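Structure data (compact mmCIF, C-alpha atoms) from my_file.txt:
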```
# COMPACT_ATOMS: atom_id res chain seq x y z
CA MET A 256 -19.50 -22.78 -14.60
CA GLU A 257 -15.77 -23.44 -14.58
CA TYR A 258 -13.54 -20.83 -16.16
CA ARG A 259 -10.23 -21.39 -17.93
CA SER A 260 -8.33 -19.57 -15.18
CA PRO A 261 -8.82 -19.06 -11.41
CA ASN A 262 -8.29 -15.35 -12.14
CA ILE A 263 -11.50 -15.11 -14.16
CA SER A 264 -14.92 -14.55 -12.60
CA GLN A 265 -18.38 -13.75 -13.98
CA GLN A 266 -17.17 -10.15 -14.34
CA GLY A 267 -14.13 -11.15 -16.40
CA PHE A 268 -10.50 -10.80 -15.32
CA MET A 269 -10.04 -10.26 -11.55
CA TYR A 270 -6.74 -8.45 -12.03
CA GLY A 271 -5.68 -5.76 -14.44
CA LYS A 272 -2.09 -5.15 -15.49
CA TRP A 273 -0.18 -2.57 -17.45
CA MET A 274 3.45 -1.60 -17.89
CA THR A 275 4.32 1.84 -16.53
CA ALA A 276 8.04 1.59 -17.39
CA PRO A 277 10.31 -1.12 -18.77
CA ASN A 278 10.02 -4.19 -16.54
CA THR A 279 7.61 -2.36 -14.23
CA TRP A 280 3.99 -3.44 -13.94
CA THR A 281 0.97 -2.09 -12.11
CA ILE A 282 -1.41 -4.86 -11.03
CA SER A 283 -4.89 -3.74 -10.05
CA TYR A 284 -7.60 -5.46 -8.03
CA GLY A 285 -10.51 -3.02 -7.80
CA ASN A 286 -9.03 0.14 -6.30
CA VAL A 287 -6.05 -1.70 -4.80
CA TYR A 288 -2.78 -1.35 -6.71
CA CYS A 289 0.16 -3.72 -6.43
CA TYR A 290 3.46 -3.25 -8.24
CA LEU A 291 5.78 -5.76 -9.89
CA LEU A 292 9.38 -4.60 -10.37
CA VAL A 293 11.54 -6.95 -12.47
CA GLY A 294 15.33 -7.00 -12.42
CA SER A 295 17.77 -9.16 -14.34
CA GLU A 296 17.82 -11.83 -11.60
CA LYS A 297 14.73 -11.38 -9.42
CA ALA A 298 11.38 -9.60 -9.29
CA LEU A 299 9.76 -7.74 -6.40
CA LEU A 300 5.99 -7.70 -5.83
CA PHE A 301 4.92 -4.79 -3.64
CA ASP A 302 1.62 -5.85 -1.98
CA THR A 303 -0.71 -8.72 -2.78
CA ALA A 304 -4.24 -7.22 -2.45
CA TYR A 305 -6.93 -9.48 -0.95
CA GLY A 306 -5.63 -12.72 -2.45
CA ALA A 307 -8.56 -13.47 -4.76
CA GLY A 308 -8.08 -16.02 -7.53
CA ASN A 309 -4.47 -17.17 -7.85
CA LEU A 310 -2.22 -14.13 -7.70
CA ARG A 311 0.97 -16.20 -7.97
CA GLU A 312 -0.18 -17.68 -11.27
CA PHE A 313 -1.03 -14.18 -12.51
CA VAL A 314 2.42 -12.84 -11.55
CA GLU A 315 4.25 -15.82 -13.03
CA ASP A 316 2.49 -15.21 -16.33
CA ILE A 317 4.30 -11.84 -16.38
CA THR A 318 7.76 -12.93 -15.25
CA ASP A 319 9.68 -16.17 -14.78
CA LYS A 320 12.10 -14.54 -12.32
CA PRO A 321 12.00 -15.58 -8.62
CA VAL A 322 9.61 -13.21 -6.84
CA ILE A 323 10.31 -11.39 -3.56
CA VAL A 324 7.00 -10.39 -1.93
CA VAL A 325 7.10 -7.13 0.07
CA ASN A 326 4.17 -5.53 1.91
CA SER A 327 3.70 -1.78 2.21
CA HIS A 328 2.11 -2.46 5.64
CA GLY A 329 0.17 -5.16 7.45
CA HIS A 330 -3.47 -4.43 6.51
CA PHE A 331 -5.18 -7.38 4.85
CA ASP A 332 -6.09 -5.57 1.63
CA HIS A 333 -2.32 -5.52 1.02
CA THR A 334 -1.40 -8.92 2.46
CA GLY A 335 -4.30 -11.23 1.53
CA GLY A 336 -2.37 -12.80 -1.34
CA ASN A 337 0.77 -13.44 0.72
CA PRO A 338 0.02 -17.15 1.35
CA TRP A 339 0.60 -17.93 -2.32
CA TRP A 340 4.30 -17.61 -1.37
CA GLU A 341 6.38 -19.23 1.35
CA GLU A 342 7.83 -15.97 2.73
CA VAL A 343 7.34 -12.22 2.60
CA TRP A 344 9.17 -9.07 3.73
CA ALA A 345 7.45 -6.24 5.63
CA GLY A 346 8.07 -3.34 8.01
CA PRO A 347 8.18 -3.63 11.81
CA GLY A 348 4.82 -4.61 13.27
CA ALA A 349 3.27 -6.01 10.09
CA GLU A 350 3.72 -9.54 11.42
CA LYS A 351 1.15 -8.81 14.16
CA ILE A 352 -1.78 -8.31 11.77
CA CYS A 353 -0.84 -9.39 8.23
CA LYS A 354 -2.55 -12.80 8.55
CA LYS A 355 -5.78 -11.38 10.03
CA ALA A 356 -8.52 -11.10 7.39
CA PHE A 357 -11.33 -8.55 7.45
CA GLY A 358 -14.01 -11.20 8.02
CA PRO A 359 -14.57 -14.92 8.65
CA GLU A 360 -15.23 -15.88 5.02
CA MET A 361 -12.11 -14.06 3.92
CA GLN A 362 -10.15 -15.74 6.70
CA GLU A 363 -11.42 -19.16 5.63
CA ASP A 364 -10.29 -18.53 2.07
CA PHE A 365 -6.91 -17.31 3.33
CA ASN A 366 -6.43 -20.47 5.39
CA LYS A 367 -7.00 -22.66 2.32
CA LYS A 368 -4.12 -21.15 0.38
CA PRO A 369 -0.82 -23.06 0.04
CA TYR A 370 1.19 -21.22 2.73
CA PRO A 371 -1.11 -19.63 5.36
CA ASP A 372 1.74 -19.85 7.89
CA TYR A 373 4.21 -18.10 5.60
CA THR A 374 7.33 -16.61 7.15
CA VAL A 375 7.44 -12.83 7.68
CA HIS A 376 10.89 -11.20 7.50
CA THR A 377 11.10 -7.72 9.04
CA VAL A 378 12.87 -5.02 7.02
CA HIS A 379 14.09 -1.69 8.33
CA GLU A 380 15.12 1.71 7.06
CA GLY A 381 17.93 1.48 4.52
CA HIS A 382 17.41 -2.15 3.56
CA VAL A 383 18.11 -2.66 -0.15
CA PHE A 384 16.52 -5.36 -2.31
CA ASP A 385 18.94 -6.19 -5.12
CA LEU A 386 16.97 -7.54 -8.08
CA GLY A 387 19.97 -7.66 -10.40
CA GLY A 388 20.81 -4.34 -12.02
CA ARG A 389 17.99 -2.79 -10.01
CA GLN A 390 18.25 -1.77 -6.35
CA ILE A 391 15.15 -0.93 -4.30
CA GLU A 392 15.63 0.91 -0.99
CA VAL A 393 13.29 0.79 2.04
CA PHE A 394 12.12 3.87 3.96
CA GLU A 395 10.09 3.50 7.15
CA ILE A 396 7.11 5.90 7.04
CA PRO A 397 4.66 4.79 9.79
CA ALA A 398 1.56 6.96 10.28
CA HIS A 399 -1.43 5.35 8.53
CA HIS A 400 -0.11 2.18 10.17
CA GLU A 401 2.84 1.43 12.40
CA SER A 402 4.37 -0.95 9.84
CA SER A 403 4.29 1.30 6.77
CA ILE A 404 7.27 1.40 4.44
CA ALA A 405 7.99 3.09 1.11
CA LEU A 406 10.24 1.78 -1.66
CA LEU A 407 12.53 3.99 -3.74
CA ASP A 408 13.52 2.75 -7.20
CA ARG A 409 16.18 5.31 -8.10
CA GLY A 410 17.03 3.76 -11.44
CA ASN A 411 13.47 4.25 -12.65
CA ARG A 412 12.90 7.46 -10.64
CA ALA A 413 9.87 6.00 -8.88
CA LEU A 414 8.63 6.04 -5.27
CA TYR A 415 6.10 3.50 -3.96
CA THR A 416 4.23 4.67 -0.84
CA GLY A 417 1.47 2.19 0.02
CA ASP A 418 -1.36 3.88 1.95
CA GLU A 419 0.71 6.74 3.35
CA MET A 420 0.06 8.91 0.27
CA GLU A 421 -2.78 8.79 -2.20
CA ALA A 422 -5.10 11.05 -4.15
CA GLY A 423 -8.30 10.06 -2.35
CA GLN A 424 -7.27 10.35 1.28
CA VAL A 425 -4.92 8.98 3.89
CA LEU A 426 -6.72 7.30 6.79
CA LEU A 427 -5.10 8.01 10.15
CA PHE A 428 -7.53 6.06 12.36
CA VAL A 429 -6.78 2.46 11.31
CA ARG A 430 -3.62 2.02 13.35
CA ASP A 431 -3.07 -0.67 15.97
CA ASN A 432 -2.64 2.09 18.55
CA LEU A 433 -4.79 5.15 17.91
CA LEU A 434 -3.02 8.45 18.58
CA PRO A 435 -4.27 12.01 19.13
CA VAL A 436 -4.73 13.83 15.83
CA LYS A 437 -1.78 16.16 16.12
CA GLU A 438 0.56 13.37 17.22
CA VAL A 439 -0.18 11.11 14.25
CA VAL A 440 -0.16 14.08 11.86
CA ALA A 441 3.26 15.10 13.19
CA LYS A 442 4.50 11.59 12.39
CA HIS A 443 3.13 11.84 8.86
CA LEU A 444 4.75 15.26 8.40
CA SER A 445 8.14 13.94 9.51
CA ASN A 446 7.82 11.04 7.07
CA MET A 447 6.88 13.28 4.14
CA GLU A 448 9.77 15.63 4.90
CA LYS A 449 12.10 12.62 4.83
CA LEU A 450 10.77 11.58 1.43
CA LYS A 451 10.90 15.20 0.23
CA ALA A 452 14.65 15.20 0.94
CA HIS A 453 14.94 12.51 -1.76
CA SER A 454 12.57 14.15 -4.25
CA HIS A 455 15.43 14.83 -6.66
CA GLU A 456 15.69 11.03 -7.04
CA PHE A 457 12.15 10.31 -8.26
CA ASP A 458 9.56 11.81 -10.58
CA THR A 459 6.44 9.76 -9.91
CA ILE A 460 4.75 8.45 -6.78
CA TYR A 461 2.84 5.17 -6.93
CA PRO A 462 0.24 4.76 -4.12
CA ALA A 463 -1.81 1.69 -3.23
CA HIS A 464 -5.33 3.11 -3.69
CA ASN A 465 -7.47 5.55 -5.65
CA GLY A 466 -5.24 6.15 -8.63
CA PRO A 467 -2.05 4.35 -9.63
CA GLN A 468 0.30 7.31 -9.91
CA LEU A 469 0.76 10.82 -8.53
CA ASP A 470 2.94 13.77 -9.39
CA LYS A 471 5.51 14.35 -6.68
CA SER A 472 3.97 17.76 -5.95
CA TYR A 473 1.53 15.79 -3.77
CA LEU A 474 4.36 15.65 -1.24
CA ASP A 475 4.14 19.42 -0.85
CA ASP A 476 0.35 19.23 -0.47
CA TYR A 477 0.62 16.65 2.31
CA ILE A 478 3.35 18.61 4.05
CA ALA A 479 1.24 21.78 3.91
CA LEU A 480 -1.87 19.93 5.11
CA SER A 481 -0.01 18.58 8.13
CA GLN A 482 1.38 22.04 8.92
CA HIS A 483 -2.11 23.56 8.79
CA ILE A 484 -3.54 20.87 11.09
CA LEU A 485 -0.72 21.39 13.58
CA ALA A 486 -1.28 25.17 13.42
CA GLY A 487 -5.02 24.72 13.96
CA ASP A 488 -6.13 26.41 10.74
CA ALA A 489 -6.72 23.49 8.37
CA GLN A 490 -9.69 23.42 6.00
CA ILE A 491 -12.23 21.06 7.60
CA MET A 492 -14.78 19.55 5.23
CA PRO A 493 -18.53 19.50 6.05
CA ASP A 494 -18.64 15.70 5.75
CA LEU A 495 -16.31 12.75 5.15
CA ALA A 496 -17.01 12.30 1.44
CA GLY A 497 -13.90 11.41 -0.52
CA PHE A 498 -12.90 9.35 -3.51
CA GLY A 499 -14.29 5.91 -2.61
CA PHE A 500 -15.06 7.05 0.94
CA PRO A 501 -18.62 7.51 2.30
CA PRO A 502 -19.89 10.91 3.51
CA VAL A 503 -20.85 9.39 6.87
CA ALA A 504 -18.90 6.60 8.55
CA GLU A 505 -21.84 4.98 10.31
CA GLY A 506 -21.99 1.21 9.99
CA GLY A 507 -19.72 -0.70 7.63
CA MET A 508 -16.06 -1.29 8.34
CA PHE A 509 -15.49 2.21 9.79
CA GLY A 510 -18.56 2.36 12.03
CA SER A 511 -16.65 1.65 15.25
CA ALA A 512 -13.92 4.22 14.64
CA GLY A 513 -15.62 6.96 16.63
CA GLU A 514 -16.19 10.52 15.42
CA LEU A 515 -14.19 11.16 12.26
CA GLU A 516 -13.20 14.37 10.48
CA ARG A 517 -11.75 15.19 7.05
CA ALA A 518 -9.20 17.95 6.42
CA GLN A 519 -7.75 18.82 3.06
CA HIS A 520 -5.25 21.03 1.26
CA GLY A 521 -4.81 20.98 -2.50
CA GLY A 522 -4.72 17.34 -3.56
CA ALA A 523 -4.02 16.07 -0.04
CA SER A 524 -6.64 14.85 2.40
CA PHE A 525 -6.64 13.17 5.82
CA VAL A 526 -9.48 11.37 7.60
CA TYR A 527 -8.81 10.98 11.30
CA ALA A 528 -10.51 10.30 14.62
CA LYS A 529 -11.31 13.42 16.64
CA LEU A 530 -9.49 12.50 19.83
```
Represent the structure of the file as C-alpha cells.
Amino acid sequence: MEYRSPNISQQGFMYGKWMTAPNTWTISYGNVYCYLLVGSEKALLFDTAYGAGNLREFVEDITDKPVIVVNSHGHFDHTGGNPWWEEVWAGPGAEKICKKAFGPEMQEDFNKKPYPDYTVHTVHEGHVFDLGGRQIEVFEIPAHHESSIALLDRGNRALYTGDEMEAGQVLLFVRDNLLPVKEVVAKHLSNMEKLKAHSHEFDTIYPAHNGPQLDKSYLDDYIALSQHILAGDAQIMPDLAGFGFPPVAEGGMFGSAGELERAQHGGASFVYAKL
C-alpha cells in the first residue's frame, strides 16, 4: 500500500512533533529526540535520528526558513538523516563515523538518500550559530563520544546535551577509543562542571534519549555520581537494567562491549566497561 506521505508507515506517523517554546520544536523518532530551533532568518536542526522516511520534508512542513543541520555527536542514531541535506555541522571527530550505519540494510538506505557524501563542517567550543535574533553557542563536552557537543540557547534559557546527559543513562563504552572507567568519568565530570558554570543561563535541559526534557538539577546528580565513582564509593546496581536498557548486555548491539557495570546517584546513571 502506498501512503500519502513517506513519513507514514503501517504504524502511523514516523515522527512526532510538539512545540516546547515559541519557535522551538521537539521532533521524536521512537526514543530519539531531535530539536528544531527557528530564528527570524534561519532554523537549526539538532540531530537527524536514523533518517527514516523523509526528514527534510517533515522539517520543511514546520518551517520555510533555511535549515542548518547540527549533530550532537557522530553516532548514526543522530546522523542517519543527514544525507537529506548537502552539509552538516558537528564536533571534532564526528566526521570519522557519522556516515557509518549500524547495519548493512541501514547503510543501503543511507546510500540511496540525495546527499550521502554530504559535507561535514567541524565546529569548536565557542562557535555561535546566528539564526536571526537567536544565537546558539557550542560547548564541547566529549565523554559518551569524542565528538559530543552541547548547544546553549540563552534567549530561551535552554541547553541541548545530546547523549551526554539523559534520564535513562549515559553510556560510556561506545567511544571510538575506550578509556578506563575513572578516566572517562573524569572527562564527564569536567564537562558537567563547565555546563554548571552556565546554569544561571538556562532552566531546562533537552537530551537526545529517554525523555525530552530534564530539570537542570540533573547536572548536580551527574556531578555527584562522577565524584562517587572517582572516590570508589558509588552505588553499583545488581544488573544493567535501565530505562530502555536490558538487564544483561549479552548479544544484541552491546554484546561485544565486554563486562559492563551500572552506577547511579539520584536521577543520574552511567553504564561503562569495567576496564
#### Entry: Spatial neighbours of segment 347-352 of chain A, max dist 10 Å, only C-alpha atoms, sep filter under 5 positions, as a PyMOL selection string
chain A and resi 326-331+334+374-380+395+397+400-404+431
### Query
Could you state the separation of atom CA of Asn337 of chain A and atom CA of Asn278 of chain A in Å, given to one decimal place?
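Calculated distance between atom CA of Asn337 of chain A and atom CA of Asn278 of chain A is 21.7 Å.
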### Task
For atom CA of Trp280 of chain A and atom CA of Gly306 of chain A, determine how far apart the two atoms are, in Å to one decimal place.
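Distance between the two atoms: 17.6 Å.
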### Task
Could you check how far atom CA of Ala452 of chain A sits from atom CA of Glu438 of chain A, in Å to one decimal?
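Separating atom CA of Ala452 of chain A from atom CA of Glu438 of chain A is a distance of 21.6 Å.
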### Query
So which residues touch Lys471 of chain A within 8 Å, counting only C-alpha atoms, skipping near sequence neighbours fewer than 2 positions away, as a ChimeraX atom specification?
/A:454,457-460,469,473-475
### Message
Under the rule that all atoms listed in the file are counted, which of A:Phe301, A:Phe313, A:Trp344, A:Phe365 is the nearest residue to Ser260 of chain A?
### Response
A:Phe313
### Query
Nearest to Ser445 of chain A: which of A:Glu363, A:Tyr284, A:Ala398, A:Phe384 is it, counting all atoms listed in the file?
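Closest to Ser445 of chain A, using all atoms listed in the file: A:Ala398.
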### Task
Pick out the residues sitting within 10 Å of His382 of chain A, and hand them over as JSON, numbers by chain; count only C-alpha atoms, and ignore anything fewer than 6 positions along from it in its own chain.
{"A": [390, 391, 392, 393, 394, 395, 406]}
### Message
Just want the 9 Å neighbourhood of Ile478 of chain A, counted on only C-alpha atoms, with same-chain residues fewer than 6 positions away dropped. Output as a ChimeraX atom specification.
### Response
/A:443-445,447-448,523
### Task
Select, counting all atoms listed in the file, all protein, DNA and RNA residues no farther than 12 Å from (-4.0, -19.7, 2.5) in file coordinates, and express the selection as a PyMOL selection string.
chain A and resi 305-310+334-341+354-356+361-373
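Of the residues listed (A:Ala413, A:Leu299, A:Val439, A:Ile317), A:Val439 shows the shortest atom-to-atom separation from Ile396 of chain A; distances use all atoms listed in the file.
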### Query
Which one is closest to Leu427 of chain A: A:Leu291, A:Phe498, A:Ala298, A:Glu516? Count only C-alpha atoms.
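Once distances to Leu427 of chain A are computed over only C-alpha atoms, the minimum belongs to A:Glu516.
Checking A:Asp488, A:Val287, A:Glu257, A:Pro321 one by one against Asn465 of chain A, counting only C-alpha atoms, you find the shortest gap at A:Val287.
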### Message
Which residue is closest to Val425 of chain A? Choose from A:Val343, A:Ala405, A:Ala504, A:Val526 and count all atoms listed in the file.
### Response
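Once distances to Val425 of chain A are computed over all atoms listed in the file, the minimum belongs to A:Val526.
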